[in-house]
Amino acid sequence: MRLDKFLSQQLGISRNDVGRELRAGRITVDDEIIKTGAYKITPEQQIMFDGSLLEQQQGPRYFMLNKPSGYICSTDDPVNPTVLYFIDEPAAHKLHTAGRLDMDTTGLVLLTDDGQWSHRITSPKHHCEKTYLVTLEYPVAEGTAGKFLTGVQLNGEKTLTKPAQLEVLASQLVRLTISEGRYHQVKRMFAAVGNRVIELHRERIGEIILDSALEPGEYRPLTEQEIASITVPKA
């Protein structure tokens with residue numbers, strides 16, 4: 001790979017800005033100052049910027065984040081803070097979220113730079129389940145679980161929702177598992193039965209469960225087993 005391309009990706013700056021850093025002598029490769037962006041680098045070499053090592057990315061990356069409220073699931077936004085604020089990784093701007101949460105929704109967010117892997121989560125044909133902890137404004141009406149199991153009509157939609165599992169934990173606290181990802185689906189499902197979502201927290205995507213050790217704003221790499229649970233179809 002060309003050195004200027006690598007630096008642009010790692011530092012998140014333009015090729016022109018990279019050229020200025022190179023000419024200023026701030027880049028070394030194996031302890032030698034390099035000033036030309038066309039220099040070819042190999043995975044074995046050590047590239048440093050102002051004495052800080054820039055790690056060369058080896059293969060796709062996968063992370064889970066415990067998203068707090070007030071952040072959007074986007075790589076860039078001119079107004080609102082994004083979940084990438086919490087990710088302290090090289091070339092973090094190349095990561096994307098595998099499925100989004102609303103700004104006020106908390107919980108499990110998966111980030112990766114593997115587009116095929118994230119497609120298995122977001123594509124409707126794969127029916128990847130998501131589980132949410134839902135706090136409601138009013139007590140759960142009798143028969144709500146049955147309605148969700150058979151499907152409800154969302155405002156502006158032509159088809160019923162797919163069967164969803166509702167577990168009532170308290171009068172105004174439930175756990176909902178859905179297998180599709182319509183716009184604001186959980187909030188609209190409860191609106192369809194005359195209730196309103198006050199708080200929404202995602203606990204699970206597929207077989208991946210939010211790590212209870214992660215505080216809001218903390219993240220960790222996924223394990224090989226967690227990655228494979230999405231990549232490998234069930235028999």
# chains A, B, ... in the order shown; residues from 1 in each chain; ligands from 1
>>> residues_around(residues="region 19-21 of chain A", least_positions_apart="5", cutoff="12 Å", atoms="only C-alpha atoms", output="compact mmCIF listing (two decimals) with N, CA and C atoms, in the first residue's frame")
# COMPACT_ATOMS: atom_id res chain seq x y z
N LEU A 3 2.18 4.80 1.12
CA LEU A 3 2.25 5.40 2.44
C LEU A 3 1.21 6.50 2.61
N ASP A 4 1.00 7.32 1.59
CA ASP A 4 0.04 8.42 1.74
C ASP A 4 -1.39 7.91 1.92
N LYS A 5 -1.74 6.82 1.25
CA LYS A 5 -3.07 6.24 1.42
C LYS A 5 -3.25 5.69 2.83
N LEU A 7 -1.66 6.63 5.55
CA LEU A 7 -1.73 7.73 6.50
C LEU A 7 -3.07 8.44 6.45
N SER A 8 -3.62 8.59 5.26
CA SER A 8 -4.93 9.22 5.13
C SER A 8 -5.99 8.42 5.87
N LEU A 11 -5.04 8.49 9.92
CA LEU A 11 -5.15 9.79 10.58
C LEU A 11 -6.46 10.49 10.28
N ILE A 13 -7.27 12.16 7.54
CA ILE A 13 -7.02 13.46 6.90
C ILE A 13 -6.88 13.28 5.39
N SER A 14 -6.92 14.37 4.66
CA SER A 14 -6.85 14.32 3.20
C SER A 14 -5.43 14.01 2.74
N ARG A 26 7.45 14.37 9.88
CA ARG A 26 6.78 13.81 11.06
C ARG A 26 6.51 12.31 10.94
N ILE A 27 6.81 11.73 9.77
CA ILE A 27 6.51 10.32 9.53
C ILE A 27 7.82 9.53 9.41
N THR A 28 7.89 8.43 10.14
CA THR A 28 9.03 7.52 9.99
C THR A 28 8.54 6.12 9.66
N ILE A 33 13.00 8.65 8.40
CA ILE A 33 12.06 9.69 7.96
C ILE A 33 11.78 9.52 6.47
N ILE A 34 10.47 9.42 6.14
CA ILE A 34 10.04 9.28 4.75
C ILE A 34 9.21 10.50 4.38
N LYS A 35 9.55 11.12 3.23
CA LYS A 35 8.85 12.35 2.84
C LYS A 35 8.07 12.22 1.54
N THR A 36 8.02 11.01 0.98
CA THR A 36 7.27 10.81 -0.26
C THR A 36 6.08 9.89 -0.02
N GLY A 37 4.91 10.35 -0.45
CA GLY A 37 3.69 9.57 -0.25
C GLY A 37 3.62 8.33 -1.10
N ALA A 38 4.41 8.27 -2.17
CA ALA A 38 4.38 7.10 -3.06
C ALA A 38 5.16 5.92 -2.50
N TYR A 39 5.83 6.13 -1.38
CA TYR A 39 6.60 5.06 -0.77
C TYR A 39 5.69 3.86 -0.47
N MET A 48 5.40 5.37 12.08
CA MET A 48 5.17 6.20 13.26
C MET A 48 4.89 7.64 12.85
N PHE A 49 3.97 8.28 13.58
CA PHE A 49 3.62 9.68 13.38
C PHE A 49 3.94 10.42 14.67
N ASP A 50 4.89 11.33 14.61
CA ASP A 50 5.35 12.05 15.80
C ASP A 50 5.72 11.10 16.93
>>> select_by_dssp(residues="chain A", states="alpha helix (DSSP H)", output="ChimeraX atom specification")
/A:3-11,15-23,115-122,144-150,185-192,224-231
>>> residues_around(residues="region 163-174 of chain A", least_positions_apart="3", cutoff="7 Å", atoms="only C-alpha atoms", output="MDAnalysis selection string")
chainID A and resid 133:140 145 148:151 177:178
>>> residues_around(residues="Asn155 (chain A)", least_positions_apart="2", cutoff="12 Å", atoms="only C-alpha atoms", output="list in words")
Val152, Gln153, Glu157, Lys158, Thr159, Leu160, Thr161, Arg182, Tyr183, His184, Gln185, Lys187, Arg188, Met189, Phe190, Ala191, Ala192 and Val193 of chain A
>>> write_last_selection(atoms="N, CA and C atoms", output="mmCIF file, in the first residue's frame")
data_model
loop_
_atom_site.group_PDB
_atom_site.id
_atom_site.type_symbol
_atom_site.label_atom_id
_atom_site.label_comp_id
_atom_site.auth_asym_id
_atom_site.auth_seq_id
_atom_site.Cartn_x
_atom_site.Cartn_y
_atom_site.Cartn_z
ATOM 1 N N VAL A 152 -49.220 -6.985 14.275
ATOM 2 C CA VAL A 152 -50.064 -5.802 14.398
ATOM 3 C C VAL A 152 -49.865 -4.900 13.178
ATOM 4 N N GLN A 153 -50.853 -4.064 12.939
ATOM 5 C CA GLN A 153 -50.802 -3.136 11.805
ATOM 6 C C GLN A 153 -50.166 -1.827 12.269
ATOM 7 N N GLU A 157 -48.301 1.306 7.271
ATOM 8 C CA GLU A 157 -47.787 0.056 6.712
ATOM 9 C C GLU A 157 -48.923 -0.748 6.092
ATOM 10 N N LYS A 158 -48.611 -1.522 5.063
ATOM 11 C CA LYS A 158 -49.619 -2.343 4.388
ATOM 12 C C LYS A 158 -49.682 -3.761 4.934
ATOM 13 N N THR A 159 -48.583 -4.238 5.535
ATOM 14 C CA THR A 159 -48.549 -5.611 6.035
ATOM 15 C C THR A 159 -48.386 -5.625 7.549
ATOM 16 N N LEU A 160 -48.861 -6.710 8.159
ATOM 17 C CA LEU A 160 -48.698 -6.880 9.598
ATOM 18 C C LEU A 160 -47.235 -7.130 9.935
ATOM 19 N N THR A 161 -46.874 -6.810 11.165
ATOM 20 C CA THR A 161 -45.535 -7.150 11.635
ATOM 21 C C THR A 161 -45.405 -8.664 11.738
ATOM 22 N N ARG A 182 -38.245 -2.678 10.946
ATOM 23 C CA ARG A 182 -38.951 -1.539 10.357
ATOM 24 C C ARG A 182 -38.623 -0.255 11.125
ATOM 25 N N TYR A 183 -38.868 0.855 10.474
ATOM 26 C CA TYR A 183 -38.551 2.165 11.039
ATOM 27 C C TYR A 183 -39.268 2.359 12.377
ATOM 28 N N HIS A 184 -38.490 2.631 13.440
ATOM 29 C CA HIS A 184 -39.037 2.864 14.780
ATOM 30 C C HIS A 184 -40.023 1.752 15.170
ATOM 31 N N GLN A 185 -39.695 0.521 14.834
ATOM 32 C CA GLN A 185 -40.688 -0.552 14.930
ATOM 33 C C GLN A 185 -41.227 -0.769 16.339
ATOM 34 N N LYS A 187 -41.379 1.175 18.982
ATOM 35 C CA LYS A 187 -42.226 2.288 19.424
ATOM 36 C C LYS A 187 -43.568 2.272 18.703
ATOM 37 N N ARG A 188 -43.551 1.956 17.416
ATOM 38 C CA ARG A 188 -44.788 1.951 16.631
ATOM 39 C C ARG A 188 -45.668 0.750 16.980
ATOM 40 N N MET A 189 -45.065 -0.361 17.352
ATOM 41 C CA MET A 189 -45.866 -1.525 17.758
ATOM 42 C C MET A 189 -46.674 -1.225 19.010
ATOM 43 N N PHE A 190 -46.031 -0.581 19.975
ATOM 44 C CA PHE A 190 -46.766 -0.261 21.200
ATOM 45 C C PHE A 190 -47.772 0.869 20.964
ATOM 46 N N ALA A 191 -47.446 1.788 20.074
ATOM 47 C CA ALA A 191 -48.413 2.823 19.726
ATOM 48 C C ALA A 191 -49.655 2.203 19.087
ATOM 49 N N ALA A 192 -49.460 1.110 18.346
ATOM 50 C CA ALA A 192 -50.572 0.436 17.673
ATOM 51 C C ALA A 192 -51.532 -0.221 18.652
ATOM 52 N N VAL A 193 -51.053 -0.481 19.881
ATOM 53 C CA VAL A 193 -51.934 -1.087 20.894
ATOM 54 C C VAL A 193 -52.237 -0.088 22.011
#
>>> closest_residue(among="A:Ile41, A:Ala98, A:Met103, A:Val18", to="Gln116 (chain A)", atoms="only C-alpha atoms")
A:Ala98
>>> select_by_dssp(residues="region 76-235 of chain A", states="strand (DSSP E)", output="ChimeraX atom specification")
/A:96-97,106-112,130-136,165-170,173-178,197-205,208-209,219-221
>>> residues_around(residues="Pro124 (chain A)", least_positions_apart="4", cutoff="8 Å", atoms="only C-alpha atoms", output="tab-separated table (two decimals) with all heavy atoms, in the first residue's frame")
chain	number	residue	atom	x	y	z
A	128	CYS	N	-32.79	-11.82	11.47
A	128	CYS	CA	-31.95	-11.77	12.67
A	128	CYS	C	-32.75	-11.18	13.83
A	128	CYS	O	-33.23	-10.05	13.77
A	128	CYS	CB	-30.70	-10.93	12.40
A	128	CYS	SG	-29.55	-10.88	13.78
A	180	GLU	N	-37.50	-8.42	12.60
A	180	GLU	CA	-37.42	-7.51	11.45
A	180	GLU	C	-37.00	-6.15	11.97
A	180	GLU	O	-36.88	-5.96	13.18
A	180	GLU	CB	-38.75	-7.45	10.69
A	180	GLU	CG	-39.93	-7.16	11.58
A	180	GLU	CD	-41.26	-7.23	10.84
A	180	GLU	OE1	-41.26	-7.21	9.60
A	180	GLU	OE2	-42.29	-7.28	11.51
A	181	GLY	N	-36.77	-5.22	11.07
A	181	GLY	CA	-36.25	-3.93	11.49
A	181	GLY	C	-36.93	-2.76	10.81
A	181	GLY	O	-36.27	-1.94	10.17
>>> closest_residue(among="A:Arg220, A:Lys130, A:Arg175, A:Arg2", to="Tyr62 (chain A)", atoms="only C-alpha atoms")
A:Arg220
